[in-house]
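To start, the structure itself, in structure tokens.
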Amino acid sequence: MTAVLPDLDAGVTEQRVRAALGTVVDPELDEPITDLGFVRSVAVDAGTVEVHLRLPTSFCAPNFAWLMVSDASDAVSAVAGVARVVVELDDHSDSDLVNRGLAAGLGYRGTFGSEAEESLDELRATFTRKAHTAAMERALTGLLRADPSADVRAVTLGDLPPDAAAALRRRRAAVGLPVDDGAPVLVRDDGTRPGPADAALVLRRARSVRISVDGNAHFCRGLLTTRYPGSEADQVPRPDDRPVLPLEVLP
Amino acid sequence: MYTKDGEQYYVVDAHIALWDARPENQRNVHGRQFIDCFYDYHRNLSPEAEVWPYEEYLYQGGERLMRDVFVDGIVDHAVFQPARLAEFYHRGFGQTEEAFALARAHPDKLTYNHYWDPRDGENGLDALRAAAERMQLKGVKLYTADWHGESRGWKLTDPMASRYLELSQELGIRNVHVHKGPTIRPLDRDAFDVADVDHAATDFPDLTFVVEHCGLPRLEDFCWIATQEPNVVAGLAVAIPFIHTRPRYFAQIMGELLYWLGEDRILFSSDYALWTPKWLVEEFVDFQIPEDMSPEYAPITVEQKKKVLGLNAARLYDLPVPEHLRLPEADETETGPREPAAADLAGAR
């Protein structure tokens, strides 16, 4: 008997392309580009897919832009049935350079030449780590608000509410930390558990990381809607696991 | 002088500009993109009543600047922090001669800071020497993301930058304002990093490094550096307008800065003409940390607001604050910004 994958028979759809784009994350904001409203358009014509991306300003760092554009191209290429992918970055100070470089398969360094001193692996690793640190702080601060006397060093993944645990597990997996119920939540960047003397400081520092990530998300989301009126309809509100301290405008 | 509820505030706007982004000065599409980006910041974060028409945003001129910044006496003194952007604008973005002339006409109200760029090489050193003498410079604004020929940015740790910092120190330029703002061009050169400030602050302990936009969105990196370098200060340009649209986020920024740096190392800046200072000052004086954030952050005191709004910048620029408005410096924060050795928290990384 043959295994049937009915999806394959349905051909390439915009829905599947968008789902694939949903796996592409803005490294600094730790959110899918689909939720952020960065996907301007998706056009599917048989096996050919054309995607246009847009960013909050024309001067968004080209290394971040390149990561998202090339990740988008890879993600869409992996969709079953896709034969040809065109991903274009619109209205950016480097649109022409990025679009030509991507189309020619030149890679980041091949596209930007001497301006790109390093590969993007380190950049990606930095922000994967920050995403984890911020998620760790959200989880612990949420817990502390419910029980201010909690010993943050003793908290394990199994002690967290399911949503917070799932969000943290995802980011722990990305940085190679254990994800079992017994694993301690509060860890330093190198994955070790802080001592009693510096636990509070590790959490304080994690808080400033989380505020940076949140703040940048507010900034970029706001700027996108200012730059592209109507784009707010394409933005998905930040999920509940994010602002432990609510950040909406006061009445 | 701004007075509210019987309290007097000496206000220093530590970051203003007199720019010209009109089409005739735009050298290329990037000149337009740059001012459009500023205008989007302006529209996105301003109260509706404070939003200007695009045409007015391109250029203000001296008369309008004096009215906007000093109207109703709300700002007592302001400091020009010009960006050159010579690759984007024919005559540069910040208008050196116009701003300098205005400062000379109103020395009690305006201080002119200039800029330098290590990529100008030896000639630039001579030019800095001449400018410091002619303009009696107390400070400079450095824009590390500026384009310059083939280069799309530089770092404070570049060898030539050290020469410029040395010369600045020799010339009595004590305040070095560094733009470390939202992630923006250039590429990997300097796009998300405030680490070069750490090196420079260590190498030049007699200079004060004001990190504009307090490193946002690398607030944590900035705070970390500031705990170890007592000569690093936070400028609130582009951070303070969040007070209106995102007050809870702004509360968190202030909470973090007060915790890590303490109340003596934070400077109010409107970043005029990105925003006018009046509404920012008014909202800041009225601002308070929301009650439900109290487990994380203490309320901001009137004394702290007075320091942030003007007394801290007045100290850096030797401005004559009336005796009865002065305040003593606070004790060091828990993280010990004045004792770098005690703040060696490497184990917590």
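Chain identifiers are assigned as A, B, and so on, following the order in which chains appear in the structure tokens; residues are numbered from 1 within each chain, and ligands are numbered from 1 in order of appearance.
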
If you run DSSP over the backbone, which residues in stretch 49-98 of chain A end up strand (DSSP E or B)? Put them as a PyMOL selection string.
chain A and resi 49-53+84-89

Dump as a CSV table (one decimal), in the first residue's frame, selection limited to all heavy atoms:
chain,number,residue,atom,x,y,z
A,49,VAL,N,6.3,31.1,-7.6
A,49,VAL,CA,5.8,31.9,-6.5
A,49,VAL,C,6.6,33.2,-6.5
A,49,VAL,O,7.8,33.2,-6.6
A,49,VAL,CB,6.0,31.2,-5.2
A,49,VAL,CG1,5.6,32.1,-4.0
A,49,VAL,CG2,5.3,29.9,-5.2
A,50,GLU,N,5.9,34.4,-6.4
A,50,GLU,CA,6.5,35.7,-6.2
A,50,GLU,C,6.1,36.3,-4.9
A,50,GLU,O,4.9,36.5,-4.7
A,50,GLU,CB,6.2,36.6,-7.4
A,50,GLU,CG,7.0,37.9,-7.3
A,50,GLU,CD,7.0,38.7,-8.6
A,50,GLU,OE1,6.9,38.1,-9.7
A,50,GLU,OE2,7.1,39.9,-8.5
A,51,VAL,N,7.1,36.6,-4.1
A,51,VAL,CA,6.8,37.2,-2.8
A,51,VAL,C,7.5,38.5,-2.7
A,51,VAL,O,8.6,38.7,-3.0
A,51,VAL,CB,7.4,36.3,-1.6
A,51,VAL,CG1,7.2,36.9,-0.3
A,51,VAL,CG2,6.7,34.9,-1.7
A,52,HIS,N,6.7,39.5,-2.2
A,52,HIS,CA,7.3,40.8,-1.9
A,52,HIS,C,7.3,41.1,-0.4
A,52,HIS,O,6.3,40.9,0.3
A,52,HIS,CB,6.6,42.0,-2.6
A,52,HIS,CG,6.9,42.0,-4.1
A,52,HIS,ND1,7.8,42.9,-4.6
A,52,HIS,CD2,6.5,41.2,-5.1
A,52,HIS,CE1,7.9,42.6,-5.9
A,52,HIS,NE2,7.1,41.6,-6.2
A,53,LEU,N,8.5,41.5,0.1
A,53,LEU,CA,8.6,41.9,1.5
A,53,LEU,C,8.8,43.4,1.7
A,53,LEU,O,9.4,44.0,0.8
A,53,LEU,CB,9.8,41.1,2.1
A,53,LEU,CG,9.8,39.6,2.1
A,53,LEU,CD1,11.0,39.1,2.8
A,53,LEU,CD2,8.5,39.0,2.7
A,84,ARG,N,9.8,27.5,-8.9
A,84,ARG,CA,10.6,28.8,-9.1
A,84,ARG,C,10.1,29.8,-8.0
A,84,ARG,O,8.9,29.9,-7.8
A,84,ARG,CB,10.4,29.3,-10.5
A,84,ARG,CG,11.2,30.6,-10.8
A,84,ARG,CD,11.3,30.9,-12.3
A,84,ARG,NE,12.0,32.2,-12.4
A,84,ARG,CZ,11.3,33.3,-12.5
A,84,ARG,NH1,10.0,33.3,-12.5
A,84,ARG,NH2,12.0,34.5,-12.6
A,85,VAL,N,11.1,30.4,-7.4
A,85,VAL,CA,10.7,31.4,-6.3
A,85,VAL,C,11.4,32.7,-6.6
A,85,VAL,O,12.6,32.8,-6.9
A,85,VAL,CB,11.2,30.9,-5.0
A,85,VAL,CG1,10.9,32.0,-3.9
A,85,VAL,CG2,10.6,29.6,-4.6
A,86,VAL,N,10.6,33.8,-6.6
A,86,VAL,CA,11.2,35.1,-6.7
A,86,VAL,C,10.8,35.9,-5.4
A,86,VAL,O,9.6,36.1,-5.1
A,86,VAL,CB,10.7,35.9,-7.9
A,86,VAL,CG1,11.2,37.4,-7.9
A,86,VAL,CG2,11.0,35.2,-9.2
A,87,VAL,N,11.8,36.2,-4.5
A,87,VAL,CA,11.5,37.0,-3.4
A,87,VAL,C,12.1,38.4,-3.6
A,87,VAL,O,13.3,38.5,-3.9
A,87,VAL,CB,12.1,36.4,-2.1
A,87,VAL,CG1,11.8,37.2,-0.9
A,87,VAL,CG2,11.4,35.0,-1.9
A,88,GLU,N,11.4,39.4,-3.4
A,88,GLU,CA,11.9,40.8,-3.6
A,88,GLU,C,11.7,41.6,-2.4
A,88,GLU,O,10.6,41.6,-1.8
A,88,GLU,CB,11.3,41.4,-4.8
A,88,GLU,CG,11.7,40.7,-6.1
A,88,GLU,CD,11.9,41.6,-7.3
A,88,GLU,OE1,11.2,42.6,-7.4
A,88,GLU,OE2,12.8,41.4,-8.1
A,89,LEU,N,12.7,42.4,-2.0
A,89,LEU,CA,12.6,43.4,-1.0
A,89,LEU,C,12.2,44.7,-1.6
A,89,LEU,O,12.9,45.2,-2.4
A,89,LEU,CB,13.9,43.4,-0.2
A,89,LEU,CG,14.0,44.4,0.9
A,89,LEU,CD1,13.0,44.1,2.0
A,89,LEU,CD2,15.4,44.4,1.5

Considering only C-alpha atoms, give me a table of residues in chain A that are at most 8 Å from chain B, with the closest atom pair and distance in Å for each, as a Markdown table.
| residue | atom | partner | partner_atom | distance |
| --- | --- | --- | --- | --- |
| A:Thr57 | CA | B:Cys37 | CA | 5.9 |
| A:Ser58 | CA | B:Gln33 | CA | 6.4 |
| A:Phe59 | CA | B:Ile184 | CA | 5.2 |
| A:Cys60 | CA | B:Ile184 | CA | 4.7 |
| A:Ala61 | CA | B:Ile184 | CA | 4.4 |
| A:Pro62 | CA | B:Leu187 | CA | 5.7 |
| A:Asn63 | CA | B:Leu187 | CA | 5.6 |
| A:Ser93 | CA | B:His30 | CA | 6.7 |
| A:Glu115 | CA | B:Leu187 | CA | 6.6 |
| A:Ala116 | CA | B:Asp188 | CA | 6.2 |
| A:Glu117 | CA | B:Asp188 | CA | 6.7 |
| A:Glu118 | CA | B:Asp188 | CA | 6.9 |
| A:Arg188 | CA | B:Arg349 | CA | 5.9 |
| A:Asp189 | CA | B:Arg349 | CA | 6.0 |
| A:Asp190 | CA | B:Arg349 | CA | 7.8 |
| A:Pro194 | CA | B:Ala348 | CA | 7.1 |
| A:Asp198 | CA | B:Ala348 | CA | 6.3 |
| A:Ala199 | CA | B:Ala348 | CA | 8.0 |
| A:Leu201 | CA | B:Ala348 | CA | 7.0 |
| A:Val202 | CA | B:Ala348 | CA | 5.8 |
| A:Arg205 | CA | B:Glu220 | CA | 6.8 |
| A:Ser208 | CA | B:Glu220 | CA | 4.9 |
| A:Val209 | CA | B:Glu220 | CA | 5.2 |
| A:Ile211 | CA | B:Gln252 | CA | 7.0 |
| A:Ser212 | CA | B:Pro217 | CA | 5.0 |
| A:Val213 | CA | B:Pro217 | CA | 6.9 |
| A:Gly215 | CA | B:Tyr249 | CA | 6.7 |
| A:Asn216 | CA | B:Pro217 | CA | 5.6 |
| A:Gly222 | CA | B:Asn44 | CA | 6.2 |
| A:Leu223 | CA | B:Asn44 | CA | 6.1 |
| A:Thr226 | CA | B:Asn44 | CA | 5.8 |
| A:Arg227 | CA | B:Asp40 | CA | 6.3 |
| A:Leu245 | CA | B:Met293 | CA | 7.4 |
| A:Pro246 | CA | B:Arg248 | CA | 7.5 |
| A:Leu247 | CA | B:Arg248 | CA | 5.2 |
| A:Glu248 | CA | B:Arg246 | CA | 6.6 |
| A:Val249 | CA | B:Arg246 | CA | 5.4 |
| A:Leu250 | CA | B:Pro247 | CA | 7.0 |

Using only C-alpha atoms: which of B:Asp20, B:Asp286, B:Glu7, B:Glu329 has the shortest distance to B:Leu58
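Smallest separation from B:Leu58 among the options: B:Asp20.
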
B:Lys305 surroundings by only C-alpha atoms, 9 Å radius, close-in-sequence under 6 positions cut, as an mmCIF file with C-alpha atoms, in the first residue's frame:
data_model
loop_
_atom_site.group_PDB
_atom_site.id
_atom_site.type_symbol
_atom_site.label_atom_id
_atom_site.label_comp_id
_atom_site.auth_asym_id
_atom_site.auth_seq_id
_atom_site.Cartn_x
_atom_site.Cartn_y
_atom_site.Cartn_z
ATOM 1 C CA TYR B 9 12.621 72.659 36.482
ATOM 2 C CA GLU B 263 19.632 59.316 38.258
ATOM 3 C CA PHE B 284 7.682 63.789 31.501
ATOM 4 C CA VAL B 285 6.977 66.052 34.488
#

Just the residues within 9 Å of B:Met135, please, counting only C-alpha atoms, with nothing from its chain fewer than 6 positions along; format it as a PyMOL selection string.
chain B and resi 100+104+112-114

Those in stretch 70-146 of chain B with alpha helix (DSSP H) from DSSP, as a PyMOL selection string
chain B and resi 70+96-105+121-135

Would you compute the distance between atom CA of A:Leu29 and atom CA of A:Ala131? Give it in Å to one decimal.
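Atom CA of A:Leu29 sits 8.0 Å away from atom CA of A:Ala131.
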
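Excluding A:Leu21 itself and same-chain residues fewer than 5 positions from it, the residues having an atom within 9 Å of it are Arg16, Pro32, Ile33, Thr34, Val39, Asp71, Ala72, Ser73, Ala75 and Val76 of chain A, counting only C-alpha atoms.
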
Near stretch 142-153 of chain A, within 12 Å and counting only C-alpha atoms, which residues show up once chain neighbours fewer than 5 positions away are dropped, as a PyMOL selection string?
(chain A and resi 135-137+159-161+163-165+183-188+192-204+207+240-246) or (chain B and resi 292-296)

I want to know what sits within 7 Å of B:Ala17, based on only C-alpha atoms, with residues of the same chain fewer than 3 positions away left out; could you give that as a PDB file with C-alpha atoms, in the first residue's frame?
ATOM      1  CA  PHE B  80      23.167  71.251  18.734  1.00  0.00           C
ATOM      2  CA  GLN B  81      24.164  67.718  17.760  1.00  0.00           C
ATOM      3  CA  PRO B  82      24.641  67.794  13.986  1.00  0.00           C
ATOM      4  CA  GLY B  94      23.017  69.484   9.820  1.00  0.00           C
ATOM      5  CA  ASP B 271      15.973  65.352  19.079  1.00  0.00           C
ATOM      6  CA  TYR B 272      14.317  68.449  17.620  1.00  0.00           C
ATOM      7  CA  ALA B 273      13.079  68.691  14.873  1.00  0.00           C
TER       8      ALA B 273
END
